[in-house]
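The next block is run08.txt, given as compact mmCIF, C-alpha atoms and all ligand atoms.
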# COMPACT_ATOMS: atom_id res chain seq x y z
CA MET A 6 0.00 0.00 0.00
CA ARG A 7 1.23 3.44 -0.92
CA ILE A 8 0.73 6.36 1.42
CA ILE A 9 0.36 9.56 -0.60
CA ARG A 10 0.40 12.95 1.07
CA SER A 11 0.53 15.29 -1.89
CA SER A 12 -2.39 16.22 -4.15
CA ARG A 13 -0.14 16.34 -7.20
CA THR A 14 1.10 12.82 -6.58
CA LEU A 15 -2.47 11.54 -6.19
CA SER A 16 -3.48 13.28 -9.44
CA ALA A 17 -0.52 11.75 -11.26
CA TRP A 18 -1.39 8.29 -9.87
CA SER A 19 -5.00 8.52 -11.04
CA ARG A 20 -4.01 9.93 -14.46
CA HIS A 21 -1.72 6.97 -14.96
CA LEU A 22 -4.45 4.47 -13.96
CA HIS A 23 -6.98 6.12 -16.24
CA ARG A 24 -4.59 5.68 -19.16
CA GLU A 25 -4.33 1.99 -18.27
CA GLY A 26 -8.14 1.59 -18.11
CA VAL A 27 -8.11 0.73 -14.41
CA VAL A 28 -11.40 1.20 -12.49
CA ILE A 29 -10.75 3.37 -9.41
CA GLY A 30 -12.84 3.28 -6.22
CA LEU A 31 -12.65 6.10 -3.66
CA VAL A 32 -13.62 5.79 0.00
CA PRO A 33 -13.53 9.22 1.68
CA THR A 34 -13.14 9.09 5.47
CA MET A 35 -12.03 11.19 8.41
CA GLY A 36 -10.15 8.25 9.91
CA ALA A 37 -10.50 6.49 13.27
CA LEU A 38 -11.62 3.62 11.08
CA HIS A 39 -14.15 1.09 12.35
CA ALA A 40 -16.14 -1.79 10.88
CA GLY A 41 -18.46 0.68 9.08
CA HIS A 42 -15.53 2.11 7.14
CA ARG A 43 -14.18 -1.40 6.57
CA ALA A 44 -17.47 -2.43 4.95
CA LEU A 45 -17.14 0.45 2.46
CA ILE A 46 -13.54 -0.50 1.71
CA ARG A 47 -14.54 -4.12 1.15
CA ARG A 48 -17.31 -3.10 -1.24
CA ALA A 49 -14.81 -0.95 -3.10
CA ARG A 50 -12.26 -3.77 -3.16
CA LEU A 51 -14.84 -6.15 -4.64
CA SER A 52 -16.08 -3.85 -7.37
CA CYS A 53 -13.00 -1.82 -8.38
CA ASP A 54 -9.49 -2.59 -9.62
CA ALA A 55 -7.76 0.04 -7.50
CA VAL A 56 -8.95 1.43 -4.16
CA VAL A 57 -7.97 4.76 -2.68
CA VAL A 58 -9.01 5.62 0.87
CA SER A 59 -8.71 9.24 1.92
CA LEU A 60 -8.09 10.10 5.52
CA PHE A 61 -8.66 13.77 6.21
CA VAL A 62 -10.28 15.46 9.18
CA ASN A 63 -11.86 18.19 7.10
CA PRO A 64 -11.91 21.45 9.10
CA ARG A 65 -14.55 22.96 6.79
CA GLN A 66 -17.23 20.53 7.88
CA PHE A 67 -16.86 21.30 11.59
CA GLY A 68 -18.78 24.20 13.06
CA LEU A 69 -17.58 26.59 15.75
CA GLY A 70 -17.57 24.81 19.08
CA GLU A 71 -17.60 21.38 17.45
CA ASP A 72 -14.99 18.69 18.01
CA TYR A 73 -12.44 19.43 15.25
CA SER A 74 -9.44 19.63 17.56
CA ARG A 75 -10.33 16.57 19.63
CA TYR A 76 -11.56 14.41 16.74
CA PRO A 77 -9.64 11.09 17.02
CA ARG A 78 -6.55 10.91 14.79
CA ARG A 79 -4.86 7.51 14.51
CA LEU A 80 -2.87 7.29 11.33
CA ARG A 81 -0.87 4.27 12.39
CA SER A 82 -3.78 1.95 13.20
CA ASP A 83 -5.85 3.31 10.27
CA ALA A 84 -3.00 2.51 7.90
CA ALA A 85 -2.85 -1.03 9.33
CA VAL A 86 -6.62 -1.46 8.73
CA CYS A 87 -6.28 -0.25 5.14
CA GLN A 88 -3.28 -2.43 4.50
CA GLY A 89 -5.20 -5.43 5.85
CA GLU A 90 -8.13 -4.68 3.53
CA GLY A 91 -5.93 -4.54 0.46
CA VAL A 92 -6.16 -0.79 -0.16
CA ASP A 93 -3.84 0.44 -2.91
CA VAL A 94 -3.44 4.06 -1.87
CA LEU A 95 -4.02 5.80 1.43
CA PHE A 96 -4.31 9.53 0.76
CA VAL A 97 -3.42 11.56 3.85
CA PRO A 98 -3.25 15.22 2.92
CA THR A 99 -2.51 18.06 5.31
CA ARG A 100 -4.93 20.93 5.66
CA GLU A 101 -2.64 23.12 3.53
CA GLU A 102 -2.45 20.46 0.85
CA MET A 103 -6.23 20.43 0.51
CA TYR A 104 -6.80 24.15 1.03
CA PRO A 105 -3.65 25.96 -0.09
CA PRO A 106 -3.39 29.73 0.35
CA GLY A 107 -5.80 31.44 -2.01
CA PHE A 108 -8.29 28.56 -2.02
CA GLY A 109 -11.54 30.41 -2.70
CA THR A 110 -14.20 27.89 -3.65
CA SER A 111 -17.07 26.57 -1.61
CA VAL A 112 -19.65 24.17 -2.99
CA ALA A 113 -23.20 24.52 -1.70
CA VAL A 114 -25.89 21.99 -2.55
CA GLN A 115 -29.13 23.93 -2.16
CA GLY A 116 -32.30 22.31 -0.91
CA LEU A 117 -30.94 19.02 0.37
CA SER A 118 -28.65 20.73 2.85
CA ARG A 119 -31.34 22.99 4.32
CA ARG A 120 -32.97 20.79 6.92
CA TRP A 121 -32.01 18.30 9.65
CA GLU A 122 -28.21 18.13 9.95
CA GLY A 123 -27.85 21.23 7.77
CA GLU A 124 -30.07 23.25 10.07
CA ARG A 125 -28.28 22.16 13.24
CA ARG A 126 -24.77 22.33 11.80
CA PRO A 127 -24.52 25.51 9.71
CA GLY A 128 -21.82 25.24 7.04
CA HIS A 129 -21.35 21.51 7.61
CA PHE A 130 -22.65 20.35 4.24
CA GLU A 131 -20.79 23.06 2.34
CA GLY A 132 -17.65 21.67 3.91
CA VAL A 133 -18.63 18.13 2.95
CA ALA A 134 -19.56 19.05 -0.65
CA THR A 135 -16.38 21.06 -1.13
CA VAL A 136 -14.08 18.31 0.11
CA VAL A 137 -15.91 15.58 -1.84
CA ALA A 138 -15.72 17.64 -5.05
CA LYS A 139 -12.01 18.23 -4.44
CA LEU A 140 -11.29 14.56 -3.67
CA CYS A 141 -13.15 13.50 -6.81
CA GLY A 142 -11.11 16.00 -8.83
CA LEU A 143 -7.86 14.58 -7.45
CA ALA A 144 -8.56 10.84 -7.40
CA ARG A 145 -10.95 10.87 -10.41
CA PRO A 146 -12.71 7.74 -9.14
CA HIS A 147 -15.16 5.78 -11.25
CA VAL A 148 -17.08 4.91 -8.08
CA ALA A 149 -17.17 6.68 -4.70
CA PHE A 150 -18.43 4.82 -1.61
CA PHE A 151 -20.51 6.36 1.17
CA GLY A 152 -22.39 4.98 4.16
CA ARG A 153 -26.16 5.09 4.56
CA LYS A 154 -25.55 5.95 8.19
CA ASP A 155 -25.12 9.55 7.03
CA PHE A 156 -28.28 9.45 4.93
CA GLN A 157 -28.53 13.16 4.21
CA GLN A 158 -24.85 13.34 3.29
CA ALA A 159 -25.24 10.46 0.81
CA ALA A 160 -28.29 12.12 -0.79
CA LEU A 161 -26.40 15.38 -1.06
CA VAL A 162 -23.34 13.74 -2.62
CA ARG A 163 -25.56 12.07 -5.22
CA ARG A 164 -27.01 15.48 -6.07
CA LEU A 165 -23.56 17.10 -6.19
CA VAL A 166 -22.13 14.47 -8.52
CA GLU A 167 -25.16 14.73 -10.79
CA ASP A 168 -25.35 18.53 -10.82
CA LEU A 169 -21.64 19.06 -11.49
CA SER A 170 -21.41 16.09 -13.91
CA LEU A 171 -18.47 14.71 -11.99
CA GLY A 172 -18.76 11.38 -13.81
CA VAL A 173 -18.58 9.38 -10.60
CA ARG A 174 -20.98 6.61 -9.60
CA VAL A 175 -22.08 6.96 -5.98
CA ALA A 176 -22.43 3.66 -4.12
CA VAL A 177 -24.25 3.84 -0.78
CA CYS A 178 -23.55 0.97 1.63
CA PRO A 179 -25.75 -0.27 4.51
CA THR A 180 -25.17 0.95 8.06
CA VAL A 181 -22.96 -1.27 10.20
CA ARG A 182 -24.19 -1.54 13.82
CA ASP A 183 -22.91 -2.98 17.03
CA LYS A 184 -24.84 -5.82 18.65
CA ASN A 185 -27.05 -3.36 20.55
CA GLY A 186 -28.13 -1.78 17.30
CA VAL A 187 -26.05 1.38 17.73
CA ALA A 188 -24.70 2.62 14.37
CA LEU A 189 -20.90 2.58 14.53
CA SER A 190 -19.35 6.03 14.55
CA SER A 191 -15.90 7.39 15.32
CA ARG A 192 -17.63 9.71 17.79
CA ASN A 193 -19.12 6.87 19.87
CA GLN A 194 -15.85 6.76 21.80
CA TYR A 195 -16.74 10.12 23.40
CA LEU A 196 -19.64 8.41 25.23
CA THR A 197 -19.38 7.77 28.96
CA PRO A 198 -20.36 4.26 30.13
CA ALA A 199 -23.83 5.52 31.14
CA GLN A 200 -24.32 7.26 27.79
CA ARG A 201 -23.17 4.12 26.04
CA ARG A 202 -25.91 2.19 27.79
CA ALA A 203 -28.43 4.82 26.68
CA ALA A 204 -27.28 5.00 23.05
CA PRO A 205 -29.37 2.07 21.68
CA VAL A 206 -32.54 4.12 22.32
CA LEU A 207 -32.14 5.97 19.00
CA TYR A 208 -32.24 2.85 16.84
CA ALA A 209 -34.98 1.46 19.10
CA ALA A 210 -37.06 4.58 18.38
CA LEU A 211 -36.53 4.25 14.63
CA ARG A 212 -37.49 0.59 14.81
CA ALA A 213 -40.63 1.46 16.79
CA GLY A 214 -41.53 4.00 14.07
CA HIS A 215 -40.89 1.38 11.42
CA ALA A 216 -43.07 -1.14 13.27
CA ALA A 217 -45.89 1.41 13.43
CA VAL A 218 -45.74 1.84 9.65
CA ARG A 219 -45.76 -1.93 9.21
CA ALA A 220 -48.83 -2.07 11.45
CA GLY A 221 -50.62 0.30 9.08
CA VAL A 222 -50.02 3.74 10.62
CA ARG A 223 -49.76 6.33 7.83
CA SER A 224 -49.82 9.62 9.70
CA ALA A 225 -46.31 11.06 10.11
CA SER A 226 -47.24 12.86 13.32
CA ARG A 227 -48.34 9.54 14.88
CA ILE A 228 -45.14 7.86 13.76
CA ARG A 229 -43.10 10.74 15.17
CA ARG A 230 -44.98 10.42 18.46
CA VAL A 231 -44.13 6.71 18.64
CA MET A 232 -40.45 7.53 18.12
CA ARG A 233 -40.53 10.41 20.62
CA ASP A 234 -42.19 8.21 23.25
CA THR A 235 -39.41 5.66 22.87
CA ILE A 236 -36.69 8.31 23.33
CA ALA A 237 -38.59 9.61 26.39
CA THR A 238 -37.96 6.28 28.13
CA GLU A 239 -34.26 7.20 28.31
CA PRO A 240 -33.65 10.09 30.71
CA LEU A 241 -30.15 10.86 29.36
CA ALA A 242 -31.37 11.37 25.78
CA ARG A 243 -32.54 14.71 24.31
CA VAL A 244 -34.26 14.71 20.93
CA GLU A 245 -32.83 17.02 18.27
CA TYR A 246 -35.15 15.84 15.53
CA LEU A 247 -37.20 12.79 14.59
CA SER A 248 -38.72 13.01 11.15
CA VAL A 249 -40.56 11.12 8.45
CA CYS A 250 -39.22 12.20 5.06
CA ASP A 251 -39.18 11.60 1.36
CA PRO A 252 -35.98 9.57 0.82
CA ASP A 253 -34.92 11.57 -2.25
CA THR A 254 -35.75 15.16 -1.34
CA LEU A 255 -35.61 14.74 2.47
CA GLU A 256 -38.66 16.96 2.72
CA PRO A 257 -40.96 16.01 5.60
CA ARG A 258 -44.03 13.99 4.76
CA SER A 259 -47.37 14.31 6.48
CA ARG A 260 -48.52 10.87 5.37
CA ILE A 261 -46.69 7.79 4.21
CA THR A 262 -47.79 6.92 0.69
CA GLY A 263 -44.59 5.45 -0.79
CA ASP A 264 -41.03 4.83 0.38
CA ALA A 265 -39.94 6.99 3.28
CA VAL A 266 -36.96 7.46 5.54
CA LEU A 267 -37.11 7.94 9.29
CA LEU A 268 -34.33 10.31 10.35
CA GLY A 269 -33.25 10.82 13.93
CA ALA A 270 -30.73 12.80 15.93
CA ILE A 271 -30.38 12.82 19.70
CA ARG A 272 -27.97 14.27 22.18
CA LEU A 273 -26.44 12.32 25.04
CA GLY A 274 -24.68 15.01 27.03
CA ARG A 275 -22.44 16.78 24.52
CA VAL A 276 -22.39 13.88 22.06
CA ARG A 277 -24.77 13.91 19.09
CA LEU A 278 -25.90 10.64 17.58
CA ILE A 279 -27.63 10.36 14.22
CA ASP A 280 -29.29 7.39 12.59
CA ASN A 281 -31.99 6.54 10.08
CA LEU A 282 -34.15 3.73 8.79
CA LEU A 283 -35.64 3.27 5.35
CA VAL A 284 -39.27 2.27 5.14
CA LYS A 285 -40.06 0.51 1.90
CA LYS A 286 -43.59 0.64 0.58
P1 LIG B 1 -16.53 9.53 8.46
O1 LIG B 1 -15.14 9.01 8.65
O2 LIG B 1 -17.36 9.53 9.70
O3 LIG B 1 -16.57 10.82 7.69
O4 LIG B 1 -17.24 8.47 7.53
C1 LIG B 1 -16.69 8.09 6.29
C2 LIG B 1 -17.71 7.27 5.54
O5 LIG B 1 -18.02 6.10 6.28
C3 LIG B 1 -19.02 8.01 5.29
O6 LIG B 1 -19.49 7.72 3.99
C4 LIG B 1 -19.92 7.43 6.34
O7 LIG B 1 -21.29 7.47 6.00
C5 LIG B 1 -19.42 6.00 6.40
N1 LIG B 1 -19.80 5.40 7.68
C6 LIG B 1 -19.56 5.88 8.92
N2 LIG B 1 -20.10 5.08 9.86
C7 LIG B 1 -20.70 4.05 9.20
C8 LIG B 1 -21.43 2.88 9.61
N3 LIG B 1 -21.67 2.62 10.89
N4 LIG B 1 -21.88 2.06 8.64
C9 LIG B 1 -21.65 2.32 7.33
N5 LIG B 1 -20.97 3.40 6.89
C10 LIG B 1 -20.49 4.25 7.80
Using structure tokens, write down the structure from this file.
Amino acid sequence: MRIIRSSRTLSAWSRHLHREGVVIGLVPTMGALHAGHRALIRRARLSCDAVVVSLFVNPRQFGLGEDYSRYPRRLRSDAAVCQGEGVDVLFVPTREEMYPPGFGTSVAVQGLSRRWEGERRPGHFEGVATVVAKLCGLARPHVAFFGRKDFQQAALVRRLVEDLSLGVRVAVCPTVRDKNGVALSSRNQYLTPAQRRAAPVLYAALRAGHAAVRAGVRSASRIRRVMRDTIATEPLARVEYLSVCDPDTLEPRSRITGDAVLLGAIRLGRVRLIDNLLVKK
């Protein structure tokens, strides 16, 4: 496995592979890799000839007062994970490499970034869209892999790639959970033992909402109430939002008539957890 730190070197690598007709898969990450990231890497390994994993804690997607400086950074163990998964290139740029002096572009995906995470984390999705556009420009992947765990992010990346004709296929992979149902996240390590015990309540609420739909409930406000009541059983948890949305536009629905997605975000102390569940018609 090659570790590349410079943008120019990554560009040269991908140019060379394109000339050879090699299919490139890109897995963008912020590191502190867990089984969720590994699942994306494995999907990429299975469907592409060459796999590049990027490892970059992107300052532009962190808001003021968020955890940019304390976000876990573990290059050595992340590199070992990537090596073990057969990754070809690990791209580890510095902040200056990604955003050199004079960098003046910011990519905003209107509409899809307005609600939910976008509303609670101003600027977050502009940071995400900008870094994804930049990474696609450098690695020129045929396929880029994202996790369904960040449902709104995946929808937004699809829109970005389509709108800017980036020529990349977006593959969205299922959420990997621990045995209690909690979606794996690099931020779960911030949880205290008590918060850790409370964390499964979010997925439990989504499942309760899902079960209500299966039982024939169509009113979004009733489904939201079911989810809210589940969260209320856990005194440590504070709801940020629980919504019933159209899975493509992420606009809230008042009634379920086709496919829908249940989106949820809670706070356990200072830690935010997000999760979602698709409801198929
Ligand atoms: P991050 O390092 O948190 O920016 O995540 C990098 C990629 O891994 C994103 O596409 C995430 O959606 C995806 N991801 C994170 N956690 C999970 C998970 N538990 N299951 C599947 N994909 C995940």
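Residue neighbourhood of Met6 in chain A, excluding near-sequence residues (fewer than 2 positions): Ile8, Ile9, Ala55, Val56, Val57, Val58, Ala84, Ala85, Val86, Cys87, Gln88, Gly89, Glu90, Gly91, Val92, Asp93, Val94, Leu95 and Phe96 of chain A, at 12 Å, using only C-alpha atoms.
Atom to atom, CA of Ala44 in chain A and CA of Val27 in chain A stand 21.7 Å apart.
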At most 6 Å is the cut-off: for each residue in chain A with any atom that close to an atom of ligand LIG 1 (chain B), write down the nearest atom pair and the distance in Å rounded to one decimal, counting all atoms listed in the file, chain first then increasing number, as a Markdown table.
| residue | atom | partner | partner_atom | distance |
| --- | --- | --- | --- | --- |
| A:Pro33 | CA | B:LIG1 | C1 | 5.7 |
| A:Thr34 | CA | B:LIG1 | O1 | 3.8 |
| A:Met35 | CA | B:LIG1 | O1 | 3.8 |
| A:Gly36 | CA | B:LIG1 | O1 | 5.2 |
| A:Gly41 | CA | B:LIG1 | N4 | 3.7 |
| A:His42 | CA | B:LIG1 | O5 | 4.8 |
| A:Phe151 | CA | B:LIG1 | O6 | 3.3 |
| A:Gly152 | CA | B:LIG1 | O7 | 3.3 |
| A:Arg153 | CA | B:LIG1 | O7 | 5.6 |
| A:Lys154 | CA | B:LIG1 | O7 | 5.0 |
| A:Asp155 | CA | B:LIG1 | O7 | 4.5 |
| A:Pro179 | CA | B:LIG1 | C9 | 5.6 |
| A:Thr180 | CA | B:LIG1 | N4 | 3.5 |
| A:Val181 | CA | B:LIG1 | N4 | 3.8 |
| A:Arg182 | CA | B:LIG1 | N3 | 5.7 |
| A:Ala188 | CA | B:LIG1 | N3 | 4.6 |
| A:Leu189 | CA | B:LIG1 | N3 | 3.7 |
| A:Ser190 | CA | B:LIG1 | N2 | 4.8 |
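Remark: for Asn193 in chain A, the closest of the candidate residues A:Arg272, A:Lys286, A:Arg10, A:His23 is A:Arg272 (distances computed over all atoms listed in the file).
Comparing A:Ser170, A:Gln158, A:Thr110, A:Ser259 by their smallest distance to Lys139 in chain A, the closest is A:Thr110 (using only C-alpha atoms).
Between Arg75 in chain A and the residues A:Val173, A:Val32, A:Leu51, A:Ala37, the shortest atom-to-atom distance, using only C-alpha atoms, involves A:Ala37.
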Practice problem: Could you give me, as an MDAnalysis selection string, the residues within 10 Å of Leu207 in chain A, counting only C-alpha atoms and dropping anything in the same chain fewer than 2 positions from it? | Solution: chainID A and resid 186:188 203:205 209:213 232:233 235:236 239 242 244 247 268:272 278:281
Let me see the file: selected residues, C-alpha atoms, as a PDB file, in the frame of the given file.
ATOM      1  CA  GLY A 186     -28.130  -1.780  17.300  1.00  0.00           C
ATOM      2  CA  VAL A 187     -26.050   1.380  17.730  1.00  0.00           C
ATOM      3  CA  ALA A 188     -24.700   2.620  14.370  1.00  0.00           C
ATOM      4  CA  ALA A 203     -28.430   4.820  26.680  1.00  0.00           C
ATOM      5  CA  ALA A 204     -27.280   5.000  23.050  1.00  0.00           C
ATOM      6  CA  PRO A 205     -29.370   2.070  21.680  1.00  0.00           C
ATOM      7  CA  ALA A 209     -34.980   1.460  19.100  1.00  0.00           C
ATOM      8  CA  ALA A 210     -37.060   4.580  18.380  1.00  0.00           C
ATOM      9  CA  LEU A 211     -36.530   4.250  14.630  1.00  0.00           C
ATOM     10  CA  ARG A 212     -37.490   0.590  14.810  1.00  0.00           C
ATOM     11  CA  ALA A 213     -40.630   1.460  16.790  1.00  0.00           C
ATOM     12  CA  MET A 232     -40.450   7.530  18.120  1.00  0.00           C
ATOM     13  CA  ARG A 233     -40.530  10.410  20.620  1.00  0.00           C
ATOM     14  CA  THR A 235     -39.410   5.660  22.870  1.00  0.00           C
ATOM     15  CA  ILE A 236     -36.690   8.310  23.330  1.00  0.00           C
ATOM     16  CA  GLU A 239     -34.260   7.200  28.310  1.00  0.00           C
ATOM     17  CA  ALA A 242     -31.370  11.370  25.780  1.00  0.00           C
ATOM     18  CA  VAL A 244     -34.260  14.710  20.930  1.00  0.00           C
ATOM     19  CA  LEU A 247     -37.200  12.790  14.590  1.00  0.00           C
ATOM     20  CA  LEU A 268     -34.330  10.310  10.350  1.00  0.00           C
ATOM     21  CA  GLY A 269     -33.250  10.820  13.930  1.00  0.00           C
ATOM     22  CA  ALA A 270     -30.730  12.800  15.930  1.00  0.00           C
ATOM     23  CA  ILE A 271     -30.380  12.820  19.700  1.00  0.00           C
ATOM     24  CA  ARG A 272     -27.970  14.270  22.180  1.00  0.00           C
ATOM     25  CA  LEU A 278     -25.900  10.640  17.580  1.00  0.00           C
ATOM     26  CA  ILE A 279     -27.630  10.360  14.220  1.00  0.00           C
ATOM     27  CA  ASP A 280     -29.290   7.390  12.590  1.00  0.00           C
ATOM     28  CA  ASN A 281     -31.990   6.540  10.080  1.00  0.00           C
TER      29      ASN A 281
END
Quiz item: Can you tell me how far CA of Ala134 in chain A sits from CA of Val166 in chain A, in Å to one decimal?
Solution: 9.5 Å
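Candidate residues A:Ala217, A:Leu117, A:Leu60, A:Cys141 were compared for distance to Val175 in chain A, and the nearest is A:Cys141, using all atoms listed in the file.
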Quiz prompt | Distance criterion (all atoms listed in the file): nearest to Pro105 in chain A out of A:Tyr195, A:Ser11, A:Val231, A:Ser224 | solution = A:Ser11
Quiz item: Using only C-alpha atoms, what residues lie at most 8 Å away from (-21.7, -1.5, 0.1) (file coordinates), given as a list in words?
Solution: Ala44, Leu45, Arg47, Arg48, Ala49, Phe150, Gly152, Ala176, Val177, Cys178 and Pro179 of chain A
Self-check item: Separation of CA of Val114 in chain A from CA of Ala265 in chain A, in Å and rounded to one decimal
Solution: 21.4 Å
Emit range 219-268 of chain A of the structure in the block as a file comprising C-alpha atoms, as a PDB file, in the first residue's frame.
ATOM      1  CA  ARG A 219     -45.760  -1.926   9.209  1.00  0.00           C
ATOM      2  CA  ALA A 220     -48.827  -2.074  11.449  1.00  0.00           C
ATOM      3  CA  GLY A 221     -50.620   0.300   9.084  1.00  0.00           C
ATOM      4  CA  VAL A 222     -50.025   3.745  10.621  1.00  0.00           C
ATOM      5  CA  ARG A 223     -49.758   6.328   7.832  1.00  0.00           C
ATOM      6  CA  SER A 224     -49.818   9.624   9.701  1.00  0.00           C
ATOM      7  CA  ALA A 225     -46.305  11.062  10.110  1.00  0.00           C
ATOM      8  CA  SER A 226     -47.238  12.857  13.317  1.00  0.00           C
ATOM      9  CA  ARG A 227     -48.339   9.542  14.879  1.00  0.00           C
ATOM     10  CA  ILE A 228     -45.138   7.858  13.757  1.00  0.00           C
ATOM     11  CA  ARG A 229     -43.098  10.738  15.167  1.00  0.00           C
ATOM     12  CA  ARG A 230     -44.975  10.416  18.455  1.00  0.00           C
ATOM     13  CA  VAL A 231     -44.135   6.705  18.642  1.00  0.00           C
ATOM     14  CA  MET A 232     -40.445   7.535  18.120  1.00  0.00           C
ATOM     15  CA  ARG A 233     -40.528  10.409  20.616  1.00  0.00           C
ATOM     16  CA  ASP A 234     -42.195   8.207  23.254  1.00  0.00           C
ATOM     17  CA  THR A 235     -39.408   5.662  22.871  1.00  0.00           C
ATOM     18  CA  ILE A 236     -36.694   8.309  23.333  1.00  0.00           C
ATOM     19  CA  ALA A 237     -38.586   9.607  26.385  1.00  0.00           C
ATOM     20  CA  THR A 238     -37.959   6.278  28.132  1.00  0.00           C
ATOM     21  CA  GLU A 239     -34.256   7.204  28.312  1.00  0.00           C
ATOM     22  CA  PRO A 240     -33.647  10.095  30.709  1.00  0.00           C
ATOM     23  CA  LEU A 241     -30.148  10.856  29.359  1.00  0.00           C
ATOM     24  CA  ALA A 242     -31.367  11.372  25.781  1.00  0.00           C
ATOM     25  CA  ARG A 243     -32.535  14.705  24.313  1.00  0.00           C
ATOM     26  CA  VAL A 244     -34.257  14.705  20.931  1.00  0.00           C
ATOM     27  CA  GLU A 245     -32.833  17.020  18.270  1.00  0.00           C
ATOM     28  CA  TYR A 246     -35.155  15.835  15.526  1.00  0.00           C
ATOM     29  CA  LEU A 247     -37.196  12.786  14.587  1.00  0.00           C
ATOM     30  CA  SER A 248     -38.722  13.013  11.146  1.00  0.00           C
ATOM     31  CA  VAL A 249     -40.556  11.124   8.454  1.00  0.00           C
ATOM     32  CA  CYS A 250     -39.215  12.200   5.061  1.00  0.00           C
ATOM     33  CA  ASP A 251     -39.185  11.596   1.365  1.00  0.00           C
ATOM     34  CA  PRO A 252     -35.980   9.566   0.825  1.00  0.00           C
ATOM     35  CA  ASP A 253     -34.925  11.569  -2.246  1.00  0.00           C
ATOM     36  CA  THR A 254     -35.754  15.162  -1.344  1.00  0.00           C
ATOM     37  CA  LEU A 255     -35.609  14.743   2.466  1.00  0.00           C
ATOM     38  CA  GLU A 256     -38.656  16.964   2.723  1.00  0.00           C
ATOM     39  CA  PRO A 257     -40.957  16.008   5.602  1.00  0.00           C
ATOM     40  CA  ARG A 258     -44.031  13.989   4.756  1.00  0.00           C
ATOM     41  CA  SER A 259     -47.367  14.315   6.478  1.00  0.00           C
ATOM     42  CA  ARG A 260     -48.521  10.872   5.369  1.00  0.00           C
ATOM     43  CA  ILE A 261     -46.690   7.788   4.205  1.00  0.00           C
ATOM     44  CA  THR A 262     -47.786   6.920   0.694  1.00  0.00           C
ATOM     45  CA  GLY A 263     -44.586   5.449  -0.789  1.00  0.00           C
ATOM     46  CA  ASP A 264     -41.029   4.835   0.381  1.00  0.00           C
ATOM     47  CA  ALA A 265     -39.940   6.989   3.280  1.00  0.00           C
ATOM     48  CA  VAL A 266     -36.960   7.459   5.542  1.00  0.00           C
ATOM     49  CA  LEU A 267     -37.106   7.941   9.286  1.00  0.00           C
ATOM     50  CA  LEU A 268     -34.329  10.305  10.351  1.00  0.00           C
TER      51      LEU A 268
END
